[in-house]
$ cat run_26.txt   # compact mmCIF, C-alpha atoms
# COMPACT_ATOMS: atom_id res chain seq x y z
CA MET A 1 56.30 105.69 139.17
CA ALA A 2 56.76 108.98 137.33
CA GLU A 3 60.52 108.79 137.82
CA GLU A 4 60.58 105.23 136.47
CA THR A 5 58.61 106.28 133.37
CA LYS A 6 60.92 109.24 132.88
CA GLY A 7 63.93 106.94 133.16
CA LYS A 8 62.52 104.55 130.55
CA LYS A 9 61.90 107.41 128.15
CA ALA A 10 65.43 108.68 128.66
CA ASN A 11 66.87 105.21 127.92
CA GLN A 12 64.68 104.86 124.84
CA LYS A 13 65.84 108.27 123.58
CA LYS A 14 69.48 107.33 124.23
CA ASN A 15 69.13 103.99 122.40
CA ALA A 16 67.39 105.71 119.48
CA LYS A 17 70.20 108.26 119.28
CA GLU A 18 72.87 105.56 119.40
CA ALA A 19 71.10 103.43 116.81
CA SER A 20 70.67 106.43 114.51
CA VAL A 21 74.46 106.75 114.21
CA GLN A 22 74.63 103.43 112.37
CA ALA A 23 72.07 104.72 109.88
CA TYR A 24 74.64 107.28 108.72
CA LEU A 25 77.40 104.73 108.13
CA GLU A 26 77.90 104.00 104.45
CA ILE A 27 79.01 100.41 105.10
CA ALA A 28 76.32 97.78 104.68
CA GLU A 29 78.40 94.62 105.16
CA VAL A 30 81.94 93.30 105.55
CA ARG A 31 82.51 90.11 103.60
CA ASP A 32 85.40 88.23 101.97
CA ASP A 33 87.89 90.94 103.06
CA ILE A 34 85.76 93.55 101.25
CA LEU A 35 83.54 96.42 102.38
CA ILE A 36 80.12 96.36 100.72
CA MET A 37 78.65 99.86 100.69
CA LYS A 38 74.97 100.72 100.89
CA ASP A 39 74.98 101.95 97.29
CA GLY A 40 76.19 98.52 96.10
CA SER A 41 79.79 99.52 95.43
CA LEU A 42 82.78 97.70 96.93
CA ARG A 43 85.90 98.83 98.78
CA ALA A 44 89.19 97.09 99.57
CA VAL A 45 91.46 98.58 102.22
CA LEU A 46 95.23 98.14 102.08
CA MET A 47 97.56 98.85 104.98
CA VAL A 48 100.71 100.45 103.61
CA SER A 49 104.20 100.60 105.09
CA SER A 50 106.15 103.84 105.32
CA LEU A 51 109.67 104.93 104.47
CA ASN A 52 111.84 107.71 105.89
CA PHE A 53 112.18 110.05 102.94
CA ASP A 54 114.52 112.47 104.74
CA LEU A 55 117.13 109.76 105.35
CA LYS A 56 117.40 108.98 101.64
CA SER A 57 120.09 110.47 99.44
CA LEU A 58 119.15 113.09 96.87
CA GLY A 59 119.29 110.51 94.07
CA GLU A 60 117.09 108.09 96.03
CA GLN A 61 114.57 110.85 96.79
CA GLU A 62 114.33 111.77 93.12
CA ALA A 63 113.83 108.10 92.20
CA ILE A 64 111.06 107.74 94.79
CA ILE A 65 109.28 110.87 93.55
CA LEU A 66 109.52 109.70 89.94
CA GLY A 67 108.32 106.21 90.86
CA TYR A 68 105.37 107.61 92.81
CA GLN A 69 104.48 109.88 89.91
CA ASN A 70 104.55 106.92 87.50
CA PHE A 71 102.42 104.92 89.94
CA LEU A 72 99.70 107.59 90.09
CA ASN A 73 99.75 108.10 86.31
CA SER A 74 99.33 104.36 85.75
CA LEU A 75 96.00 104.24 87.59
CA ASP A 76 92.79 104.53 85.58
CA PHE A 77 90.61 104.46 88.71
CA PRO A 78 90.48 106.63 91.85
CA ILE A 79 92.07 105.71 95.16
CA GLN A 80 91.82 107.25 98.62
CA ILE A 81 94.93 107.72 100.78
CA LEU A 82 94.32 107.86 104.53
CA ILE A 83 96.64 108.55 107.46
CA ARG A 84 95.34 107.60 110.89
CA SER A 85 97.06 109.03 113.97
CA LYS A 86 96.28 107.95 117.50
CA LYS A 87 97.97 108.12 120.85
CA LEU A 88 100.18 105.09 121.37
CA ASP A 89 98.78 102.81 124.07
CA LEU A 90 101.64 101.17 126.01
CA ASP A 91 99.64 100.04 129.05
CA SER A 92 99.81 96.37 128.08
CA TYR A 93 103.56 96.67 127.44
CA ILE A 94 104.14 98.28 130.84
CA PHE A 95 102.02 95.57 132.46
CA GLN A 96 104.20 92.89 130.83
CA LEU A 97 107.32 94.64 132.13
CA ASP A 98 105.92 94.71 135.66
CA GLU A 99 105.10 91.00 135.45
CA LYS A 100 108.60 90.26 134.16
CA ARG A 101 110.10 92.29 137.00
CA MET A 102 108.14 90.37 139.65
CA GLN A 103 109.20 87.02 138.17
CA GLU A 104 112.87 87.99 137.91
CA THR A 105 115.16 86.59 140.62
CA ASN A 106 118.26 88.57 139.70
CA GLU A 107 118.10 91.84 141.68
CA PHE A 108 120.23 93.76 139.20
CA ILE A 109 118.03 92.81 136.22
CA LYS A 110 114.93 93.49 138.32
CA SER A 111 116.24 96.99 139.06
CA GLN A 112 117.00 97.63 135.39
CA ILE A 113 113.49 96.58 134.36
CA GLU A 114 111.98 98.87 136.98
CA GLN A 115 114.06 101.83 135.81
CA TYR A 116 113.12 101.18 132.21
CA SER A 117 109.43 100.88 133.09
CA ASN A 118 109.54 104.15 135.07
CA PHE A 119 111.30 105.85 132.17
CA ILE A 120 108.48 104.89 129.79
CA LYS A 121 105.82 106.01 132.28
CA ASN A 122 107.51 109.39 132.75
CA LEU A 123 107.91 109.79 129.00
CA LEU A 124 104.22 109.15 128.42
CA GLU A 125 103.31 111.75 131.06
CA VAL A 126 105.27 114.58 129.45
CA SER A 127 104.64 113.82 125.76
CA ASN A 128 102.02 112.34 123.47
CA ILE A 129 103.62 109.54 121.49
CA MET A 130 101.58 109.12 118.33
CA ASP A 131 101.18 105.98 116.29
CA LYS A 132 100.58 106.55 112.58
CA LYS A 133 99.13 104.01 110.18
CA PHE A 134 98.72 104.45 106.44
CA TYR A 135 95.89 103.05 104.33
CA ILE A 136 94.82 103.08 100.70
CA VAL A 137 91.16 102.51 99.87
CA VAL A 138 90.46 100.98 96.47
CA PRO A 139 86.86 101.37 95.23
CA PHE A 140 84.88 99.57 92.56
CA TYR A 141 81.59 100.44 90.87
CA ALA A 142 80.21 98.05 88.27
CA GLU A 143 79.91 100.79 85.65
CA GLY A 144 81.21 103.93 87.29
CA ALA A 145 79.77 105.76 90.29
CA GLU A 146 76.36 106.87 89.01
CA ALA A 147 75.85 103.97 86.62
CA GLY A 148 76.77 101.52 89.38
CA ILE A 149 74.08 102.88 91.67
CA LYS A 150 71.46 102.74 88.91
CA LYS A 151 72.50 99.20 87.99
CA ILE A 152 72.08 98.02 91.58
CA GLY A 153 68.56 99.45 91.67
CA LEU A 154 67.63 97.86 88.33
CA PHE A 155 69.20 94.56 89.36
CA GLN A 156 67.20 94.61 92.60
CA LYS A 157 63.93 95.13 90.73
CA ILE A 158 64.66 92.20 88.42
CA ALA A 159 65.80 89.99 91.29
CA ASN A 160 62.57 90.68 93.20
CA THR A 161 60.59 89.01 90.42
CA LEU A 162 62.67 85.81 90.62
CA HIS A 163 62.43 82.80 92.88
CA PRO A 164 64.23 83.43 96.23
CA THR A 165 66.89 80.82 95.40
CA TRP A 166 67.50 82.45 92.02
CA GLN A 167 67.68 85.85 93.68
CA GLU A 168 70.47 84.69 95.97
CA LYS A 169 72.32 83.03 93.12
CA ALA A 170 72.06 86.15 90.94
CA LYS A 171 73.28 88.37 93.76
CA GLU A 172 76.16 86.01 94.46
CA GLU A 173 77.22 86.00 90.81
CA GLU A 174 77.03 89.81 90.70
CA PHE A 175 79.15 90.10 93.83
CA ASN A 176 81.77 87.60 92.64
CA ALA A 177 82.13 89.35 89.28
CA SER A 178 82.62 92.74 90.96
CA LYS A 179 84.96 91.20 93.55
CA MET A 180 87.27 89.78 90.87
CA GLN A 181 87.61 93.17 89.18
CA LEU A 182 88.22 94.88 92.52
CA LEU A 183 90.99 92.40 93.37
CA GLU A 184 92.60 93.14 90.01
CA ARG A 185 92.74 96.80 91.05
CA VAL A 186 94.22 95.82 94.41
CA GLY A 187 96.97 93.91 92.60
CA VAL A 188 97.75 96.93 90.41
CA VAL A 189 98.01 99.20 93.46
CA ALA A 190 100.14 96.75 95.45
CA SER A 191 102.60 96.15 92.59
CA GLY A 192 102.83 99.87 91.87
CA LEU A 193 103.69 100.63 95.49
CA THR A 194 106.28 97.85 95.57
CA ALA A 195 108.10 99.57 92.72
CA VAL A 196 108.35 102.68 94.92
CA GLY A 197 109.73 100.64 97.84
CA VAL A 198 106.51 100.53 99.85
CA ASN A 199 104.77 97.31 100.87
CA ALA A 200 100.98 96.92 100.96
CA ALA A 201 98.70 94.22 102.38
CA GLN A 202 94.94 93.98 102.06
CA LEU A 203 93.08 93.97 105.37
CA SER A 204 91.12 90.81 106.11
CA THR A 205 87.50 90.75 107.26
CA ILE A 206 88.43 90.60 110.95
CA ASN A 207 91.02 93.37 110.42
CA LEU A 208 88.38 95.60 108.85
CA ILE A 209 85.92 94.94 111.66
CA GLU A 210 88.60 95.66 114.26
CA LEU A 211 89.57 98.89 112.48
CA PHE A 212 86.06 100.35 112.38
CA TYR A 213 85.24 99.00 115.85
CA GLU A 214 88.23 100.88 117.22
CA ILE A 215 87.42 104.05 115.27
CA TYR A 216 83.84 104.27 116.51
CA ASN A 217 84.38 102.73 119.98
CA LEU A 218 87.80 104.04 120.95
CA ASP A 219 87.34 103.85 124.73
CA THR A 220 85.88 100.34 124.62
CA ALA A 221 88.52 99.14 122.15
CA GLN A 222 91.35 100.21 124.47
CA ARG A 223 89.90 98.11 127.30
CA GLU A 224 88.60 95.20 125.26
CA LYS A 225 90.36 93.74 122.22
CA LEU A 226 88.06 92.47 119.49
CA MET A 227 88.41 88.70 119.10
CA ASP A 228 84.85 87.49 118.61
CA VAL A 229 82.14 89.85 117.35
CA ASP A 230 79.52 88.06 119.47
CA THR A 231 81.39 88.93 122.69
CA LEU A 232 81.30 92.71 122.19
CA THR A 233 79.82 94.65 125.10
CA THR A 234 78.74 97.54 122.88
CA ASP A 235 75.52 97.05 120.91
CA PHE A 236 75.68 100.35 119.06
CA VAL A 237 78.31 102.37 117.29
CA GLN A 238 79.25 105.27 119.55

$ encode --input "run_26.txt" --output "structure tokens"
Amino acid sequence: MAEETKGKKANQKKNAKEASVQAYLEIAEVRDDILIMKDGSLRAVLMVSSLNFDLKSLGEQEAIILGYQNFLNSLDFPIQILIRSKKLDLDSYIFQLDEKRMQETNEFIKSQIEQYSNFIKNLLEVSNIMDKKFYIVVPFYAEGAEAGIKKIGLFQKIANTLHPTWQEKAKEEEFNASKMQLLERVGVVASGLTAVGVNAAQLSTINLIELFYEIYNLDTAQREKLMDVDTLTTDFVQ
């Protein structure tokens, strides 16, 4: 009985610890391809392509540097540039090769597939192949960082005195107005990067959920791809 009680307390402590991690996340909601932060501000995340600068000629390199400089100088709002590196997971690719090899009737092709598969396996054993992805985070506060936070608090006090239906309508109008201005910033960033020769695409709601799910649940994400949020086996952010 004592051991059972001790076990329950241990589980409760573990769940409390896991749940407390979410309290430190600054994201309150993901909606309409936008991150809504706990302070009321918004974020849009763009995945950005890369280019091999070293393979460019001297003239091309100078043009890229000048274009990037002009891009940064054209912005009247802050942006955050992120580079995410992770070990490349080729397990699913190797599994597909093994399936292809078993289905192949030509012995020569089957042998070539096996050699290729073994080559990849050996390569992964002796080196860490990294996958890099590039992101730009575009923020928006209604009236700047501090003013935005104060405005959200004032807006909440006013909304609390209204009818529930009016509250929802007022919040929706506030969100849509901020969303439109954020998307204008996204367009400015995307067009500026295009001029440098770099493509950018805004992450959708499911893309954003998948990104943060993988960041905070790396082991689970490698085993289980996120398709439906309701089917996740993890209740808490690890």

$ atom_distance --input "run_26.txt" --atom1 "CA of Lys86 (chain A)" --atom2 "CA of Asp131 (chain A)"
5.4 Å

$ closest_residue --input "run_26.txt" --among "A:Leu75, A:Leu97, A:Val198, A:Leu42" --to "Phe134 (chain A)" --atoms "all atoms listed in the file"
A:Val198

$ closest_residue --input "run_26.txt" --among "A:Glu26, A:Gly59, A:Arg185, A:Ile120" --to "Gln202 (chain A)" --atoms "only C-alpha atoms"
A:Arg185

$ residues_near_point --input "run_26.txt" --point "(112.6, 101.3, 98.3)" --cutoff "12 Å" --atoms "only C-alpha atoms" --output "PDB file with C-alpha atoms, in the frame of the given file"
ATOM      1  CA  SER A  49     104.200 100.600 105.090  1.00  0.00           C
ATOM      2  CA  SER A  50     106.150 103.840 105.320  1.00  0.00           C
ATOM      3  CA  LEU A  51     109.670 104.930 104.470  1.00  0.00           C
ATOM      4  CA  ASN A  52     111.840 107.710 105.890  1.00  0.00           C
ATOM      5  CA  PHE A  53     112.180 110.050 102.940  1.00  0.00           C
ATOM      6  CA  LEU A  55     117.130 109.760 105.350  1.00  0.00           C
ATOM      7  CA  LYS A  56     117.400 108.980 101.640  1.00  0.00           C
ATOM      8  CA  SER A  57     120.090 110.470  99.440  1.00  0.00           C
ATOM      9  CA  GLU A  60     117.090 108.090  96.030  1.00  0.00           C
ATOM     10  CA  GLN A  61     114.570 110.850  96.790  1.00  0.00           C
ATOM     11  CA  GLU A  62     114.330 111.770  93.120  1.00  0.00           C
ATOM     12  CA  ALA A  63     113.830 108.100  92.200  1.00  0.00           C
ATOM     13  CA  ILE A  64     111.060 107.740  94.790  1.00  0.00           C
ATOM     14  CA  ILE A  65     109.280 110.870  93.550  1.00  0.00           C
ATOM     15  CA  GLY A  67     108.320 106.210  90.860  1.00  0.00           C
ATOM     16  CA  TYR A  68     105.370 107.610  92.810  1.00  0.00           C
ATOM     17  CA  GLY A 192     102.830  99.870  91.870  1.00  0.00           C
ATOM     18  CA  LEU A 193     103.690 100.630  95.490  1.00  0.00           C
ATOM     19  CA  THR A 194     106.280  97.850  95.570  1.00  0.00           C
ATOM     20  CA  ALA A 195     108.100  99.570  92.720  1.00  0.00           C
ATOM     21  CA  VAL A 196     108.350 102.680  94.920  1.00  0.00           C
ATOM     22  CA  GLY A 197     109.730 100.640  97.840  1.00  0.00           C
ATOM     23  CA  VAL A 198     106.510 100.530  99.850  1.00  0.00           C
ATOM     24  CA  ASN A 199     104.770  97.310 100.870  1.00  0.00           C
TER      25      ASN A 199
END

$ residues_around --input "run_26.txt" --residues "Arg84 (chain A)" --least-positions-apart "5" --cutoff "12 Å" --atoms "all atoms listed in the file" --output "count of residues only"
13

$ closest_residue --input "run_26.txt" --among "A:Leu203, A:Leu208, A:Val138, A:Leu124" --to "Ser41 (chain A)" --atoms "only C-alpha atoms"
A:Val138

$ atom_distance --input "run_26.txt" --atom1 "CA of Glu210 (chain A)" --atom2 "CA of Pro139 (chain A)"
19.9 Å

$ atom_distance --input "run_26.txt" --atom1 "CA of Phe175 (chain A)" --atom2 "CA of Ile81 (chain A)"
24.7 Å

$ residues_near_point --input "run_26.txt" --point "(92.2, 92.9, 96.6)" --cutoff "12 Å" --atoms "all atoms listed in the file" --output "number ranges by chain"
A: 32-35, 42-47, 136-140, 178-191, 200-205

$ closest_residue --input "run_26.txt" --among "A:Tyr24, A:Phe108, A:Phe71, A:Tyr141" --to "Ile36 (chain A)" --atoms "all atoms listed in the file"
A:Tyr141
